[in-house]
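Enquirer: Provided herewith is a single structure, encoded as structure tokens, for subsequent inquiry.
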Amino acid sequence: MRKSFIGILTALAIATSCNAAQKTDEFTTKNGKTVKITCIKHASFEINYDGVEIQVDPVGMGAKPETDYGQFPKANLILVTHEHRDHFEREAIALIRTPATTVYSNQAVYNLFRNSIPLANGDSIAYRDDITIKVVPAYNYTEGRTQFHPKGRDNGYILSLDGLRIYIAGDTEDIPEMAELKDIDIAFLPCNQPYTMTIDQMVKAAKTICPKVLFPYHYSETPIFQAVMKLGGSGIDVRIRDYK
């Protein structure tokens with residue numbers, strides 16, 4: 001039995017490694033439009049939808065591996081969850097920003113970067129008729145962790161693209177407000193204790209939200225394949241990409 005269990009873990013680890021090599025996932029909106037989500041690293045990813053280039057938490061040199069954002073298309077829309085250096089970097093934003101680029105952030109980022117538009121938990125905004133953004137809480141609640149991401153400071157986002165709902169959790173634990181999230185198609189949930197969620201917290205969060213597709217991200221050295229095992233049979237399509 002032990003050899004069999006080790007064999008399962010080994011197979012999952014190999015599958016995880018292979019899946020992580022995939023960079024771009026494609027999805028289709030209710031009206032048949034294509035959404036492409038490209039993994040960059042850690043908490044950074046790119047979304048392309050109907051000619052709109054969206055960057056989430058772009059960081060070039062502040063998180064490994066170093067990323068040259070000069071190689072990316074100019075962004076129409078940039079979302080920044082909070083001011084930590086693995087989520088916010090002026091230099092990366094400068095490489096993809098134009099005078100027409102809209103940057104949404106939390107208040108703390110705006111205090112450092114006045115070219116952004118600050119949004120608070122609970123805000124909703126329409127970038128255009130078929131692209132909307134709702135700001136949701138992202139915070140730590142466990143004793144001894146609350147200093148990392150205090151309640152009310154940082155942002156998570158629900159990005160809706162022609163009805164396709166993408167939950168970008170930011171740095172958070174499995175907070176009670178997640179129970180209010182409905183009809184999530186794609187979720188990005190962080191998993192690296194003590195800063196965000198433990199594996200068990202992320203599994204609980206995933207089962208609470210019930211997204212169709214889950215991308216664990218911000219997972220650093222967490223053995224993320226364990227989450228794949230624990231979500232087996234949940235009906236959630238867990239996709240491991242290289243979000244260390």
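Residue numbers start at 1 in each chain; chains themselves are named A, B, ... in the order of the structure tokens; ligands are numbered from 1 in the order shown.
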Using only C-alpha atoms, which residues sit within 7 Å of region 107-123 of chain A once same-chain residues fewer than 6 positions away are excluded, as number ranges by chain?
Expert: A: 82-83, 134-137, 152, 155
Enquirer: Would you mind exporting the chosen residues as a PDB file, in the first residue's frame, restricted to C-alpha atoms?
Expert:
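Result saved to result_23.pdb:
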```pdb
ATOM      1  CA  HIS A  82      -1.436  45.664  -3.270  1.00  0.00           C
ATOM      2  CA  GLU A  83       1.925  47.326  -2.730  1.00  0.00           C
ATOM      3  CA  LYS A 134     -15.649  44.305  -8.667  1.00  0.00           C
ATOM      4  CA  VAL A 135     -13.272  44.777  -5.748  1.00  0.00           C
ATOM      5  CA  VAL A 136     -13.431  42.173  -2.983  1.00  0.00           C
ATOM      6  CA  PRO A 137     -11.532  41.825   0.311  1.00  0.00           C
ATOM      7  CA  GLY A 152      -9.439  46.514   4.449  1.00  0.00           C
ATOM      8  CA  ASN A 155      -7.762  44.209  -3.064  1.00  0.00           C
TER       9      ASN A 155
END
```
Enquirer: Region 142-148 of chain A: which residues within 9 Å, counting only C-alpha atoms, same-chain residues fewer than 5 positions away excluded, as a PyMOL selection string?
Expert: chain A and resi 171+173+194-196
Enquirer: What does the distance between CA of Ala63 (chain A) and CA of Tyr157 (chain A) come to in Å, to one decimal place?
Expert: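 Straight-line distance from CA of Ala63 (chain A) to CA of Tyr157 (chain A) works out to 21.4 Å.
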Enquirer: Using only C-alpha atoms, which of the listed residues (A:Lys212, A:Thr102, A:Lys30, A:Arg239) sits closest to Phe225 (chain A)?
Expert: A:Arg239
Enquirer: For Ile175 (chain A), which of A:Ala138, A:Ile93, A:Ile78, A:Val103 is the closest residue, counting only C-alpha atoms?
Expert: A:Ala138
Enquirer: Dump as JSON lines the rows for residues of region 148-208 of chain A within 10 Å of region 35-40 of chain A: closest atom pair and distance in Å with one decimal, only C-alpha atoms counted, ordered by chain and rising residue number.
Expert:
```
{"residue": "A:Leu161", "atom": "CA", "partner": "A:Val35", "partner_atom": "CA", "distance": 8.1}
{"residue": "A:Asp162", "atom": "CA", "partner": "A:Val35", "partner_atom": "CA", "distance": 9.6}
{"residue": "A:Leu164", "atom": "CA", "partner": "A:Val35", "partner_atom": "CA", "distance": 8.7}
```
Enquirer: Out of A:Ala126, A:Ile131, A:Ile240, A:Leu189, which residue has the shortest atom-to-atom distance to Pro211 (chain A) when counting only C-alpha atoms?
Expert: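 The answer is A:Leu189, which sits nearest to Pro211 (chain A).
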Enquirer: Using only C-alpha atoms, can you tell me which of A:Thr34, A:Ser105, A:Ser160, A:Gln71 comes closest to Phe88 (chain A)?
Expert: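 With only C-alpha atoms as the atom set, the closest residue is A:Ser105.
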Enquirer: Tell me which protein, DNA and RNA residues are within 10 Å of region 176-186 of chain A, counting only C-alpha atoms, leaving out same-chain ones fewer than 6 positions away, and put them as a ChimeraX atom specification.
Expert: /A:27,136-138,141,158-160,163-169,205-215,236-238
Enquirer: As an exercise, work out the distance from CA of Thr222 (chain A) to CA of Gln193 (chain A) in Å and give it to one decimal place.
Expert: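 These two atoms are separated by 8.2 Å.
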Enquirer: Taking only chain A into account, list the residues labelled alpha helix (DSSP H) by DSSP (computed from the backbone), as number ranges by chain.
Expert: A: 2-20, 90-96, 107-112, 199-209, 225-230
Enquirer: With C-alpha atoms kept, could you save the residues just selected as a PDB file, in the first residue's frame?
Expert:
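Below is the file that was written, again.pdb:
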```pdb
ATOM      1  CA  ARG A   2       2.808   2.412   0.889  1.00  0.00           C
ATOM      2  CA  LYS A   3       4.556   1.759  -2.426  1.00  0.00           C
ATOM      3  CA  SER A   4       1.275   2.368  -4.233  1.00  0.00           C
ATOM      4  CA  PHE A   5       0.747   5.661  -2.394  1.00  0.00           C
ATOM      5  CA  ILE A   6       4.299   6.798  -3.170  1.00  0.00           C
ATOM      6  CA  GLY A   7       3.673   5.874  -6.795  1.00  0.00           C
ATOM      7  CA  ILE A   8       0.568   8.062  -6.884  1.00  0.00           C
ATOM      8  CA  LEU A   9       2.468  10.989  -5.364  1.00  0.00           C
ATOM      9  CA  THR A  10       5.297  10.526  -7.863  1.00  0.00           C
ATOM     10  CA  ALA A  11       2.854  10.431 -10.783  1.00  0.00           C
ATOM     11  CA  LEU A  12       1.127  13.565  -9.528  1.00  0.00           C
ATOM     12  CA  ALA A  13       4.437  15.337  -9.072  1.00  0.00           C
ATOM     13  CA  ILE A  14       5.440  14.455 -12.650  1.00  0.00           C
ATOM     14  CA  ALA A  15       2.044  15.566 -13.983  1.00  0.00           C
ATOM     15  CA  THR A  16       2.314  18.814 -12.032  1.00  0.00           C
ATOM     16  CA  SER A  17       5.759  19.484 -13.486  1.00  0.00           C
ATOM     17  CA  CYS A  18       4.529  18.788 -17.014  1.00  0.00           C
ATOM     18  CA  ASN A  19       1.414  20.942 -16.655  1.00  0.00           C
ATOM     19  CA  ALA A  20       3.482  23.789 -15.249  1.00  0.00           C
ATOM     20  CA  ARG A  90       6.871  50.813 -11.070  1.00  0.00           C
ATOM     21  CA  GLU A  91       9.547  49.770 -13.552  1.00  0.00           C
ATOM     22  CA  ALA A  92       7.462  46.888 -14.935  1.00  0.00           C
ATOM     23  CA  ILE A  93       4.397  49.104 -15.209  1.00  0.00           C
ATOM     24  CA  ALA A  94       6.424  51.769 -17.035  1.00  0.00           C
ATOM     25  CA  LEU A  95       7.401  49.252 -19.715  1.00  0.00           C
ATOM     26  CA  ILE A  96       3.813  48.303 -20.568  1.00  0.00           C
ATOM     27  CA  GLN A 107      -5.123  53.041  -1.942  1.00  0.00           C
ATOM     28  CA  ALA A 108      -1.668  52.065  -0.656  1.00  0.00           C
ATOM     29  CA  VAL A 109      -0.361  51.619  -4.216  1.00  0.00           C
ATOM     30  CA  TYR A 110      -1.955  54.916  -5.247  1.00  0.00           C
ATOM     31  CA  ASN A 111      -0.093  56.637  -2.400  1.00  0.00           C
ATOM     32  CA  LEU A 112       3.140  55.434  -4.039  1.00  0.00           C
ATOM     33  CA  ILE A 199      -2.990  23.902   1.364  1.00  0.00           C
ATOM     34  CA  ASP A 200      -5.992  22.971   3.514  1.00  0.00           C
ATOM     35  CA  GLN A 201      -7.204  26.573   3.534  1.00  0.00           C
ATOM     36  CA  MET A 202      -6.927  26.786  -0.235  1.00  0.00           C
ATOM     37  CA  VAL A 203      -8.815  23.516  -0.641  1.00  0.00           C
ATOM     38  CA  LYS A 204     -11.540  24.828   1.670  1.00  0.00           C
ATOM     39  CA  ALA A 205     -11.664  28.113  -0.263  1.00  0.00           C
ATOM     40  CA  ALA A 206     -11.927  26.274  -3.575  1.00  0.00           C
ATOM     41  CA  LYS A 207     -14.798  24.128  -2.301  1.00  0.00           C
ATOM     42  CA  THR A 208     -16.525  27.255  -0.999  1.00  0.00           C
ATOM     43  CA  ILE A 209     -16.212  29.182  -4.252  1.00  0.00           C
ATOM     44  CA  PHE A 225       0.331  18.753  -6.035  1.00  0.00           C
ATOM     45  CA  GLN A 226      -1.099  17.926  -2.603  1.00  0.00           C
ATOM     46  CA  ALA A 227      -3.922  20.359  -3.336  1.00  0.00           C
ATOM     47  CA  VAL A 228      -4.620  18.491  -6.579  1.00  0.00           C
ATOM     48  CA  MET A 229      -5.011  15.287  -4.580  1.00  0.00           C
ATOM     49  CA  LYS A 230      -7.281  16.865  -1.983  1.00  0.00           C
TER      50      LYS A 230
END
```
Enquirer: So, counting only C-alpha atoms, which residue among A:Gly170, A:Gly235, A:Pro150, A:Gly32 is closest to Tyr49 (chain A)?
Expert: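 Nearest to Tyr49 (chain A): A:Gly32.
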Enquirer: Nearest residue to Val80 (chain A) out of A:Pro99, A:Gly156, A:Pro216, A:Gly51, using only C-alpha atoms?
Expert: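 Looking only at the distances to Val80 (chain A), the closest residue turns out to be A:Gly156.
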Enquirer: Take CA of Ser234 (chain A) and CA of Thr28 (chain A) and report the distance between them in Å, one decimal.
Expert: 22.4 Å
Enquirer: In region 171-223 of chain A, what's strand (DSSP E) per DSSP? Answer as number ranges by chain?
Expert: A: 186-190, 213-217
Enquirer: Just want the 7 Å neighbourhood of Ala43 (chain A), counted on only C-alpha atoms, with same-chain residues fewer than 3 positions away dropped. Output as a PDB file with N, CA, C and O atoms, in the first residue's frame.
Expert:
```
ATOM      1  N   ASP A  57      -0.800  42.383 -11.603  1.00  0.00           N
ATOM      2  CA  ASP A  57       0.373  42.444 -10.714  1.00  0.00           C
ATOM      3  C   ASP A  57       1.695  42.252 -11.470  1.00  0.00           C
ATOM      4  O   ASP A  57       2.471  41.332 -11.187  1.00  0.00           O
ATOM      5  N   HIS A  87       4.162  42.127  -6.093  1.00  0.00           N
ATOM      6  CA  HIS A  87       2.889  42.429  -6.751  1.00  0.00           C
ATOM      7  C   HIS A  87       2.899  43.781  -7.449  1.00  0.00           C
ATOM      8  O   HIS A  87       2.142  43.980  -8.401  1.00  0.00           O
ATOM      9  N   TYR A 217      -1.906  29.825  -7.323  1.00  0.00           N
ATOM     10  CA  TYR A 217      -0.795  30.693  -7.698  1.00  0.00           C
ATOM     11  C   TYR A 217      -0.131  31.227  -6.442  1.00  0.00           C
ATOM     12  O   TYR A 217      -0.549  30.929  -5.328  1.00  0.00           O
ATOM     13  N   HIS A 218       1.010  31.961  -6.668  1.00  0.00           N
ATOM     14  CA  HIS A 218       1.713  32.542  -5.513  1.00  0.00           C
ATOM     15  C   HIS A 218       2.123  31.430  -4.545  1.00  0.00           C
ATOM     16  O   HIS A 218       2.130  31.614  -3.338  1.00  0.00           O
ATOM     17  N   TYR A 243       3.451  29.159 -11.251  1.00  0.00           N
ATOM     18  CA  TYR A 243       3.220  30.361 -10.464  1.00  0.00           C
ATOM     19  C   TYR A 243       4.001  30.331  -9.164  1.00  0.00           C
ATOM     20  O   TYR A 243       3.490  30.709  -8.119  1.00  0.00           O
TER      21      TYR A 243
END
```
